[in-house]
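File shown here: start-v9.csv, holding CSV, N, CA and C atoms.
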```csv
chain,number,residue,atom,x,y,z
A,189,MET,N,233.3,-43.6,45.2
A,189,MET,CA,234.2,-42.6,44.9
A,189,MET,C,235.5,-42.7,45.8
A,190,THR,N,236.6,-42.4,45.2
A,190,THR,CA,237.8,-42.5,46.0
A,190,THR,C,238.3,-41.1,46.4
A,191,THR,N,239.0,-41.0,47.5
A,191,THR,CA,239.6,-39.7,47.9
A,191,THR,C,241.0,-39.7,47.4
A,192,LYS,N,241.4,-38.5,46.9
A,192,LYS,CA,242.8,-38.4,46.4
A,192,LYS,C,243.4,-37.0,46.7
A,193,TYR,N,244.5,-37.0,47.4
A,193,TYR,CA,245.2,-35.8,47.7
A,193,TYR,C,245.7,-35.2,46.4
A,194,VAL,N,245.5,-33.9,46.2
A,194,VAL,CA,245.8,-33.2,45.0
A,194,VAL,C,247.0,-32.3,45.1
A,195,GLN,N,247.0,-31.4,46.1
A,195,GLN,CA,248.1,-30.4,46.3
A,195,GLN,C,247.9,-29.8,47.7
A,196,LYS,N,249.0,-29.1,48.1
A,196,LYS,CA,249.0,-28.6,49.5
A,196,LYS,C,248.0,-27.5,49.7
A,197,GLY,N,247.8,-26.6,48.7
A,197,GLY,CA,246.7,-25.6,48.7
A,197,GLY,C,247.1,-24.2,48.9
A,198,GLU,N,248.3,-23.8,49.1
A,198,GLU,CA,248.7,-22.4,49.1
A,198,GLU,C,248.7,-21.8,47.7
A,199,ILE,N,249.0,-22.6,46.8
A,199,ILE,CA,249.0,-22.2,45.3
A,199,ILE,C,248.1,-23.2,44.6
A,200,ILE,N,247.1,-22.7,43.8
A,200,ILE,CA,246.2,-23.5,43.1
A,200,ILE,C,246.3,-23.2,41.6
A,201,ASP,N,245.8,-24.2,40.8
A,201,ASP,CA,245.7,-23.9,39.4
A,201,ASP,C,244.6,-22.9,39.1
A,202,TYR,N,244.8,-22.1,38.2
A,202,TYR,CA,243.8,-21.0,37.9
A,202,TYR,C,243.7,-20.8,36.4
A,203,THR,N,242.5,-20.8,35.8
A,203,THR,CA,242.4,-20.6,34.3
A,203,THR,C,241.5,-19.4,34.1
A,204,PRO,N,242.0,-18.2,33.8
A,204,PRO,CA,241.2,-17.0,33.7
A,204,PRO,C,240.6,-16.9,32.2
A,205,THR,N,239.5,-16.2,32.1
A,205,THR,CA,238.9,-16.0,30.8
A,205,THR,C,239.6,-14.8,30.1
A,206,ALA,N,240.2,-14.0,30.8
A,206,ALA,CA,241.0,-12.8,30.3
A,206,ALA,C,242.4,-12.9,30.8
A,207,ALA,N,243.4,-12.5,30.1
A,207,ALA,CA,244.8,-12.5,30.5
A,207,ALA,C,245.0,-11.8,31.8
A,208,LYS,N,245.9,-12.4,32.7
A,208,LYS,CA,246.2,-11.8,34.0
A,208,LYS,C,247.7,-11.6,34.1
A,209,ALA,N,248.1,-10.5,34.6
A,209,ALA,CA,249.5,-10.3,34.8
A,209,ALA,C,250.0,-10.7,36.2
A,210,SER,N,251.3,-11.0,36.3
A,210,SER,CA,251.9,-11.4,37.5
A,210,SER,C,251.6,-10.3,38.6
A,211,ASN,N,251.2,-10.8,39.8
A,211,ASN,CA,250.9,-9.9,40.9
A,211,ASN,C,249.5,-9.3,40.9
A,212,ASP,N,248.7,-9.6,39.8
A,212,ASP,CA,247.3,-9.1,39.8
A,212,ASP,C,246.6,-9.8,41.0
A,213,VAL,N,245.7,-9.1,41.6
A,213,VAL,CA,244.8,-9.7,42.6
A,213,VAL,C,243.6,-10.2,41.9
A,214,VAL,N,243.2,-11.4,42.2
A,214,VAL,CA,242.0,-12.1,41.6
A,214,VAL,C,241.0,-12.4,42.7
A,215,VAL,N,239.7,-12.2,42.3
A,215,VAL,CA,238.6,-12.6,43.2
A,215,VAL,C,238.1,-13.9,42.6
A,216,LEU,N,238.1,-15.0,43.4
A,216,LEU,CA,237.6,-16.3,42.9
A,216,LEU,C,236.6,-16.7,43.9
A,217,GLY,N,235.3,-16.3,43.7
A,217,GLY,CA,234.3,-16.6,44.7
A,217,GLY,C,234.6,-15.8,46.0
A,218,ILE,N,234.7,-16.5,47.1
A,218,ILE,CA,235.1,-15.9,48.3
A,218,ILE,C,236.6,-15.9,48.6
A,219,LEU,N,237.4,-16.4,47.6
A,219,LEU,CA,238.8,-16.4,47.8
A,219,LEU,C,239.4,-15.2,47.1
A,220,LEU,N,240.5,-14.7,47.7
A,220,LEU,CA,241.4,-13.7,47.0
A,220,LEU,C,242.7,-14.4,46.7
A,221,GLY,N,243.2,-14.1,45.6
A,221,GLY,CA,244.5,-14.7,45.2
A,221,GLY,C,245.4,-13.7,44.5
A,222,VAL,N,246.7,-14.1,44.4
A,222,VAL,CA,247.6,-13.3,43.7
A,222,VAL,C,248.2,-14.1,42.6
A,223,VAL,N,248.2,-13.6,41.3
A,223,VAL,CA,248.7,-14.3,40.2
A,223,VAL,C,250.2,-14.4,40.3
A,224,CYS,N,250.8,-15.7,40.2
A,224,CYS,CA,252.2,-15.9,40.4
A,224,CYS,C,253.1,-15.5,39.2
A,225,ALA,N,252.5,-15.7,38.0
A,225,ALA,CA,253.3,-15.3,36.8
A,225,ALA,C,252.2,-15.0,35.8
A,226,ASP,N,252.5,-14.3,34.7
A,226,ASP,CA,251.5,-13.9,33.7
A,226,ASP,C,250.8,-15.2,33.2
A,227,ILE,N,249.5,-15.0,33.0
A,227,ILE,CA,248.7,-16.1,32.5
A,227,ILE,C,247.9,-15.6,31.3
A,228,ALA,N,248.0,-16.3,30.2
A,228,ALA,CA,247.2,-15.9,29.0
A,228,ALA,C,245.7,-16.3,29.2
A,229,ALA,N,244.8,-15.7,28.5
A,229,ALA,CA,243.4,-16.0,28.6
A,229,ALA,C,243.2,-17.5,28.2
A,230,ASN,N,242.4,-18.2,29.0
A,230,ASN,CA,242.0,-19.6,28.8
A,230,ASN,C,243.2,-20.5,29.0
A,231,ALA,N,244.3,-20.1,29.6
A,231,ALA,CA,245.5,-20.9,29.9
A,231,ALA,C,245.5,-21.1,31.4
A,232,THR,N,246.1,-22.2,31.8
A,232,THR,CA,246.2,-22.5,33.3
A,232,THR,C,247.5,-22.0,33.8
A,233,GLY,N,247.4,-21.3,34.9
A,233,GLY,CA,248.6,-20.8,35.6
A,233,GLY,C,248.4,-21.0,37.1
A,234,SER,N,249.3,-20.3,37.9
A,234,SER,CA,249.3,-20.5,39.3
A,234,SER,C,248.7,-19.3,40.0
A,235,LEU,N,247.9,-19.5,41.1
A,235,LEU,CA,247.3,-18.5,41.9
A,235,LEU,C,247.6,-18.8,43.3
A,236,ALA,N,248.3,-17.8,44.0
A,236,ALA,CA,248.6,-18.0,45.4
A,236,ALA,C,247.4,-17.5,46.2
A,237,ILE,N,246.9,-18.4,47.1
A,237,ILE,CA,245.7,-18.0,47.9
A,237,ILE,C,246.0,-17.9,49.3
A,238,ALA,N,247.3,-18.1,49.7
A,238,ALA,CA,247.7,-18.0,51.1
A,238,ALA,C,249.1,-17.5,51.1
A,239,GLY,N,249.4,-16.7,52.1
A,239,GLY,CA,250.7,-16.1,52.3
A,239,GLY,C,250.6,-14.6,52.6
A,240,VAL,N,251.8,-14.0,52.6
A,240,VAL,CA,251.9,-12.6,52.9
A,240,VAL,C,252.4,-11.9,51.7
A,241,PHE,N,251.7,-10.8,51.3
A,241,PHE,CA,252.0,-10.1,50.1
A,241,PHE,C,251.9,-8.6,50.3
A,242,ASP,N,252.7,-7.8,49.6
A,242,ASP,CA,252.5,-6.3,49.6
A,242,ASP,C,251.6,-6.1,48.4
A,243,LEU,N,250.4,-5.6,48.7
A,243,LEU,CA,249.3,-5.4,47.7
A,243,LEU,C,248.7,-4.0,47.7
A,244,PRO,N,248.0,-3.6,46.6
A,244,PRO,CA,247.5,-2.3,46.5
A,244,PRO,C,246.6,-1.9,47.7
A,245,LYS,N,246.7,-0.7,48.1
A,245,LYS,CA,245.9,-0.1,49.2
A,245,LYS,C,245.3,1.2,48.7
A,246,LYS,N,244.1,1.5,49.0
A,246,LYS,CA,243.5,2.8,48.6
A,246,LYS,C,244.1,3.9,49.4
A,247,ALA,N,244.7,4.9,48.8
A,247,ALA,CA,245.3,6.0,49.5
A,247,ALA,C,244.2,6.8,50.2
A,248,GLY,N,244.6,7.5,51.2
A,248,GLY,CA,243.7,8.3,51.9
A,248,GLY,C,243.3,7.9,53.3
A,249,ALA,N,243.5,6.6,53.6
A,249,ALA,CA,243.1,6.1,54.9
A,249,ALA,C,244.3,5.3,55.5
A,250,ALA,N,244.6,5.5,56.7
A,250,ALA,CA,245.6,4.7,57.4
A,250,ALA,C,245.0,3.3,57.7
A,251,ILE,N,245.9,2.3,57.8
A,251,ILE,CA,245.4,1.0,58.1
A,251,ILE,C,246.3,0.5,59.3
A,252,ALA,N,245.7,0.0,60.3
A,252,ALA,CA,246.4,-0.5,61.5
A,252,ALA,C,246.8,-2.0,61.3
A,253,ALA,N,247.9,-2.4,61.8
A,253,ALA,CA,248.2,-3.8,61.8
A,253,ALA,C,247.1,-4.6,62.5
A,254,GLY,N,246.7,-5.7,61.9
A,254,GLY,CA,245.7,-6.5,62.4
A,254,GLY,C,244.3,-6.2,61.9
A,255,ALA,N,244.2,-5.1,61.1
A,255,ALA,CA,242.9,-4.8,60.5
A,255,ALA,C,242.4,-5.8,59.5
A,256,LYS,N,241.1,-6.1,59.6
A,256,LYS,CA,240.4,-6.9,58.6
A,256,LYS,C,240.2,-6.1,57.3
A,257,LEU,N,240.6,-6.6,56.2
A,257,LEU,CA,240.6,-5.9,54.9
A,257,LEU,C,239.6,-6.4,54.0
A,258,THR,N,239.1,-5.5,53.1
A,258,THR,CA,238.1,-5.8,52.1
A,258,THR,C,238.8,-5.4,50.7
A,259,TRP,N,238.6,-6.3,49.7
A,259,TRP,CA,239.1,-6.0,48.4
A,259,TRP,C,238.0,-5.2,47.7
A,260,SER,N,238.3,-3.9,47.4
A,260,SER,CA,237.4,-3.0,46.7
A,260,SER,C,237.5,-3.2,45.2
A,261,VAL,N,236.5,-3.7,44.5
A,261,VAL,CA,236.6,-3.9,43.1
A,261,VAL,C,236.7,-2.6,42.4
A,262,ALA,N,235.9,-1.6,42.8
A,262,ALA,CA,235.9,-0.3,42.1
A,262,ALA,C,237.3,0.4,42.2
A,263,ASP,N,238.0,0.2,43.4
A,263,ASP,CA,239.3,0.9,43.6
A,263,ASP,C,240.4,0.0,43.1
A,264,GLY,N,240.2,-1.3,43.0
A,264,GLY,CA,241.3,-2.2,42.7
A,264,GLY,C,242.4,-2.2,43.7
A,265,ALA,N,241.9,-2.1,45.0
A,265,ALA,CA,242.8,-2.0,46.1
A,265,ALA,C,242.1,-2.4,47.4
A,266,PHE,N,242.9,-2.6,48.5
A,266,PHE,CA,242.3,-3.0,49.8
A,266,PHE,C,241.8,-1.7,50.5
A,267,ILE,N,240.7,-1.9,51.2
A,267,ILE,CA,240.2,-0.9,52.1
A,267,ILE,C,239.9,-1.5,53.4
A,268,VAL,N,239.6,-0.7,54.4
A,268,VAL,CA,239.1,-1.1,55.7
A,268,VAL,C,237.7,-0.8,55.7
A,269,GLY,N,236.8,-1.7,56.2
A,269,GLY,CA,235.4,-1.5,56.2
A,269,GLY,C,234.6,-2.5,55.5
A,270,ALA,N,233.3,-2.4,55.5
A,270,ALA,CA,232.5,-3.4,54.9
A,270,ALA,C,232.5,-3.5,53.4
A,271,GLY,N,232.8,-2.4,52.7
A,271,GLY,CA,232.8,-2.4,51.3
A,271,GLY,C,231.3,-2.3,50.7
A,272,VAL,N,231.2,-2.5,49.4
A,272,VAL,CA,229.9,-2.4,48.8
A,272,VAL,C,229.7,-3.7,48.0
A,273,SER,N,228.5,-3.9,47.5
A,273,SER,CA,228.1,-5.1,46.8
A,273,SER,C,229.2,-5.3,45.7
A,274,GLY,N,229.6,-6.6,45.6
A,274,GLY,CA,230.6,-7.0,44.7
A,274,GLY,C,232.0,-7.0,45.2
A,275,ASP,N,232.3,-6.4,46.4
A,275,ASP,CA,233.6,-6.4,47.0
A,275,ASP,C,233.7,-7.8,47.7
A,276,THR,N,235.0,-8.1,48.2
A,276,THR,CA,235.2,-9.4,48.8
A,276,THR,C,236.0,-9.2,50.1
A,277,LEU,N,235.4,-9.8,51.1
A,277,LEU,CA,236.1,-10.0,52.4
A,277,LEU,C,236.8,-11.3,52.3
A,278,GLY,N,238.0,-11.3,51.7
A,278,GLY,CA,238.6,-12.6,51.3
A,278,GLY,C,239.6,-13.1,52.3
A,279,GLY,N,239.3,-13.0,53.6
A,279,GLY,CA,240.2,-13.5,54.6
A,279,GLY,C,241.5,-12.8,54.6
A,280,ALA,N,241.5,-11.5,54.4
A,280,ALA,CA,242.7,-10.7,54.3
A,280,ALA,C,242.8,-9.8,55.5
A,281,VAL,N,244.1,-9.8,56.1
A,281,VAL,CA,244.4,-9.1,57.3
A,281,VAL,C,245.7,-8.3,57.1
A,282,ALA,N,245.7,-7.1,57.5
A,282,ALA,CA,246.9,-6.3,57.5
A,282,ALA,C,247.9,-6.8,58.5
A,283,VAL,N,249.1,-7.1,58.1
A,283,VAL,CA,250.1,-7.6,59.1
A,283,VAL,C,251.1,-6.5,59.5
A,284,ALA,N,251.0,-5.4,58.9
A,284,ALA,CA,251.8,-4.2,59.2
A,284,ALA,C,251.0,-3.0,59.0
A,285,ALA,N,251.2,-2.0,59.8
A,285,ALA,CA,250.5,-0.7,59.6
A,285,ALA,C,250.9,-0.1,58.3
A,286,ALA,N,249.9,0.7,57.7
A,286,ALA,CA,250.2,1.4,56.5
A,286,ALA,C,249.6,2.9,56.7
A,287,ALA,N,250.5,3.9,56.3
A,287,ALA,CA,250.1,5.3,56.5
A,287,ALA,C,249.0,5.6,55.4
A,288,SER,N,248.3,6.7,55.7
A,288,SER,CA,247.2,7.1,54.7
A,288,SER,C,247.8,7.4,53.3
A,289,ALA,N,249.0,7.9,53.2
A,289,ALA,CA,249.6,8.2,51.9
A,289,ALA,C,250.1,6.9,51.2
A,290,ASP,N,250.3,5.8,51.9
A,290,ASP,CA,250.9,4.6,51.3
A,290,ASP,C,250.0,4.1,50.2
A,291,THR,N,250.6,3.4,49.2
A,291,THR,CA,249.8,2.8,48.1
A,291,THR,C,249.8,1.3,48.2
A,292,VAL,N,250.5,0.7,49.2
A,292,VAL,CA,250.5,-0.7,49.4
A,292,VAL,C,250.4,-1.0,50.9
A,293,VAL,N,249.9,-2.2,51.2
A,293,VAL,CA,249.7,-2.7,52.5
A,293,VAL,C,250.2,-4.1,52.6
A,294,ARG,N,250.9,-4.5,53.6
A,294,ARG,CA,251.3,-5.9,53.8
A,294,ARG,C,250.1,-6.7,54.3
A,295,VAL,N,249.7,-7.7,53.5
A,295,VAL,CA,248.5,-8.5,53.7
A,295,VAL,C,248.8,-10.0,53.9
A,296,LEU,N,248.1,-10.5,54.8
A,296,LEU,CA,248.1,-12.0,55.0
A,296,LEU,C,246.8,-12.5,54.4
A,297,LEU,N,246.9,-13.4,53.4
A,297,LEU,CA,245.7,-14.0,52.9
A,297,LEU,C,245.5,-15.4,53.5
A,298,VAL,N,244.3,-15.6,54.1
A,298,VAL,CA,244.0,-16.8,54.8
A,298,VAL,C,242.8,-17.4,54.0
A,299,PRO,N,243.0,-18.5,53.2
A,299,PRO,CA,241.9,-19.0,52.4
A,299,PRO,C,240.8,-19.7,53.3
A,300,GLY,N,239.6,-19.6,52.8
A,300,GLY,CA,238.5,-20.2,53.5
A,300,GLY,C,237.8,-19.4,54.6
A,301,THR,N,238.3,-18.1,54.8
A,301,THR,CA,237.8,-17.3,55.8
A,301,THR,C,237.1,-16.1,55.3
A,302,GLY,N,236.8,-16.0,54.0
A,302,GLY,CA,236.3,-14.8,53.4
A,302,GLY,C,234.8,-15.0,53.1
A,303,SER,N,234.2,-13.9,52.5
A,303,SER,CA,232.9,-13.9,52.1
A,303,SER,C,232.7,-12.7,51.1
A,304,ALA,N,231.7,-12.8,50.2
A,304,ALA,CA,231.4,-11.8,49.3
A,304,ALA,C,230.5,-10.7,50.0
A,305,VAL,N,230.6,-9.5,49.6
A,305,VAL,CA,229.8,-8.4,50.2
A,305,VAL,C,228.5,-8.4,49.3
A,306,ALA,N,227.4,-8.6,50.0
A,306,ALA,CA,226.1,-8.7,49.3
A,306,ALA,C,225.6,-7.4,48.9
```

Structure encoded using C-alpha cells:
Amino acid sequence: MTTKYVQKGEIIDYTPTAAKASNDVVVLGILLGVVCADIAANATGSLAIAGVFDLPKKAGAAIAAGAKLTWSVADGAFIVGAGVSGDTLGGAVAVAAAASADTVVRVLLVPGTGSAVA
C-alpha cells in the first residue's frame, strides 16, 4: 500500500444523509464540525473541523474563557460539564467568556481531542 497526502485537514469532505445548512454543527464520531455551505442530502460538501467559530450556547449559564465545552445534542448548543449519553466532548474550548444570557460562545475546535459521552 502506498501513502498519499490528501488534504491539510481543517476542512474535510462530508456527505450527510439529511440536508445540512451552512453553519450547522455536526457530530461526526468524536469530531465536531461546522458546515461551510448548505449541503443537500447524500451530496458531498465541506465541514470545518478546526478553527474558531461563534456557535450556539445554552442560555442560563456563564462560560469562562478556557472552559472545556460539550456539545449537547438535546439542546443543540454548547454546555459546560460532562453532558449525558450521546453528547460529544469534541475538543471544543471557549476562547472568550460568555455571559449567562448569551446565546453564542466563541469556540476553538481542535480535531482529534474529543470523545463521545457514554

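Atom CA of Val194 of chain A lies 29.3 Å from atom CA of Thr258 of chain A.
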
Step one, run DSSP on the backbone; step two, keep only residues of chain A assigned to strand (DSSP E); then write them as a ChimeraX atom specification.
/A:199-202,213-216,219-223,233-236,239-244,256-260,265-268,276-282,292-297,303-304

Mind listing as a PyMOL selection string all residues within 9 Å of (250.7, -21.8, 36.7), counting only C-alpha atoms?
chain A and resi 199-203+223-227+231-235

For Gly254 of chain A, list every protein, DNA or RNA residue within 6.5 Å, evaluated using all atoms listed in the file, and leave out those in the same chain fewer than 4 positions away; present the list as a tab-separated table (two decimals) with N, CA and C atoms, in the coordinates of the input.
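Output file out_5.tsv follows:
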```tsv
chain	number	residue	atom	x	y	z
A	281	VAL	N	244.10	-9.80	56.10
A	281	VAL	CA	244.40	-9.10	57.30
A	281	VAL	C	245.70	-8.30	57.10
A	282	ALA	N	245.70	-7.10	57.50
A	282	ALA	CA	246.90	-6.30	57.50
A	282	ALA	C	247.90	-6.80	58.50
A	283	VAL	N	249.10	-7.10	58.10
A	283	VAL	CA	250.10	-7.60	59.10
A	283	VAL	C	251.10	-6.50	59.50
A	284	ALA	N	251.00	-5.40	58.90
A	284	ALA	CA	251.80	-4.20	59.20
A	284	ALA	C	251.00	-3.00	59.00
A	285	ALA	N	251.20	-2.00	59.80
A	285	ALA	CA	250.50	-0.70	59.60
A	285	ALA	C	250.90	-0.10	58.30
```

How many Å separate atom C of Arg294 of chain A from atom C of Ala229 of chain A?
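Separating atom C of Arg294 of chain A from atom C of Ala229 of chain A is a distance of 29.1 Å.
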
May I have the residues at most 8 Å from (241.5, -13.7, 46.2) in the file's coordinates, counting only N, CA and C atoms, as a ChimeraX atom specification?
/A:213-222,236-237,278-279,297

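Between atom CA of Ala265 of chain A and atom C of Gln195 of chain A lies a distance of 28.3 Å.
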
Given all atoms listed in the file as the counted atoms, nearest of A:Ala270, A:Met189, A:Ala228, A:Ala280 to Pro204 of chain A:
A:Ala228

List as an mmCIF file with N, CA and C atoms, in the frame of the given file the protein and nucleic acid residues near Ala249 of chain A, meaning an atom at most 8 Å away when all atoms listed in the file are counted, but skip any in the same chain fewer than 3 places from it.
```cif
data_model
loop_
_atom_site.group_PDB
_atom_site.id
_atom_site.type_symbol
_atom_site.label_atom_id
_atom_site.label_comp_id
_atom_site.auth_asym_id
_atom_site.auth_seq_id
_atom_site.Cartn_x
_atom_site.Cartn_y
_atom_site.Cartn_z
ATOM 1 N N LYS A 245 246.700 -0.700 48.100
ATOM 2 C CA LYS A 245 245.900 -0.100 49.200
ATOM 3 C C LYS A 245 245.300 1.200 48.700
ATOM 4 N N LYS A 246 244.100 1.500 49.000
ATOM 5 C CA LYS A 246 243.500 2.800 48.600
ATOM 6 C C LYS A 246 244.100 3.900 49.400
ATOM 7 N N ALA A 252 245.700 0.000 60.300
ATOM 8 C CA ALA A 252 246.400 -0.500 61.500
ATOM 9 C C ALA A 252 246.800 -2.000 61.300
ATOM 10 N N VAL A 268 239.600 -0.700 54.400
ATOM 11 C CA VAL A 268 239.100 -1.100 55.700
ATOM 12 C C VAL A 268 237.700 -0.800 55.700
ATOM 13 N N ALA A 286 249.900 0.700 57.700
ATOM 14 C CA ALA A 286 250.200 1.400 56.500
ATOM 15 C C ALA A 286 249.600 2.900 56.700
ATOM 16 N N ALA A 287 250.500 3.900 56.300
ATOM 17 C CA ALA A 287 250.100 5.300 56.500
ATOM 18 C C ALA A 287 249.000 5.600 55.400
ATOM 19 N N SER A 288 248.300 6.700 55.700
ATOM 20 C CA SER A 288 247.200 7.100 54.700
ATOM 21 C C SER A 288 247.800 7.400 53.300
ATOM 22 N N ALA A 289 249.000 7.900 53.200
ATOM 23 C CA ALA A 289 249.600 8.200 51.900
ATOM 24 C C ALA A 289 250.100 6.900 51.200
ATOM 25 N N ASP A 290 250.300 5.800 51.900
ATOM 26 C CA ASP A 290 250.900 4.600 51.300
ATOM 27 C C ASP A 290 250.000 4.100 50.200
#
```

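With only N, CA and C atoms as the atoms that count, the minimum distance from Gly274 of chain A to the choices A:Lys192, A:Ser260, A:Ala206, A:Val293 is reached by A:Ser260.
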
Smallest atom-to-atom distance to Leu296 of chain A: which of A:Asp275, A:Asp212, A:Gly197, A:Gly239, using only N, CA and C atoms?
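Under the stated criterion, the closest residue is A:Gly239.
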
Which one is closest to Gly264 of chain A: A:Val298, A:Pro244, A:Leu277, A:Ile251? Count only N, CA and C atoms.
A:Pro244
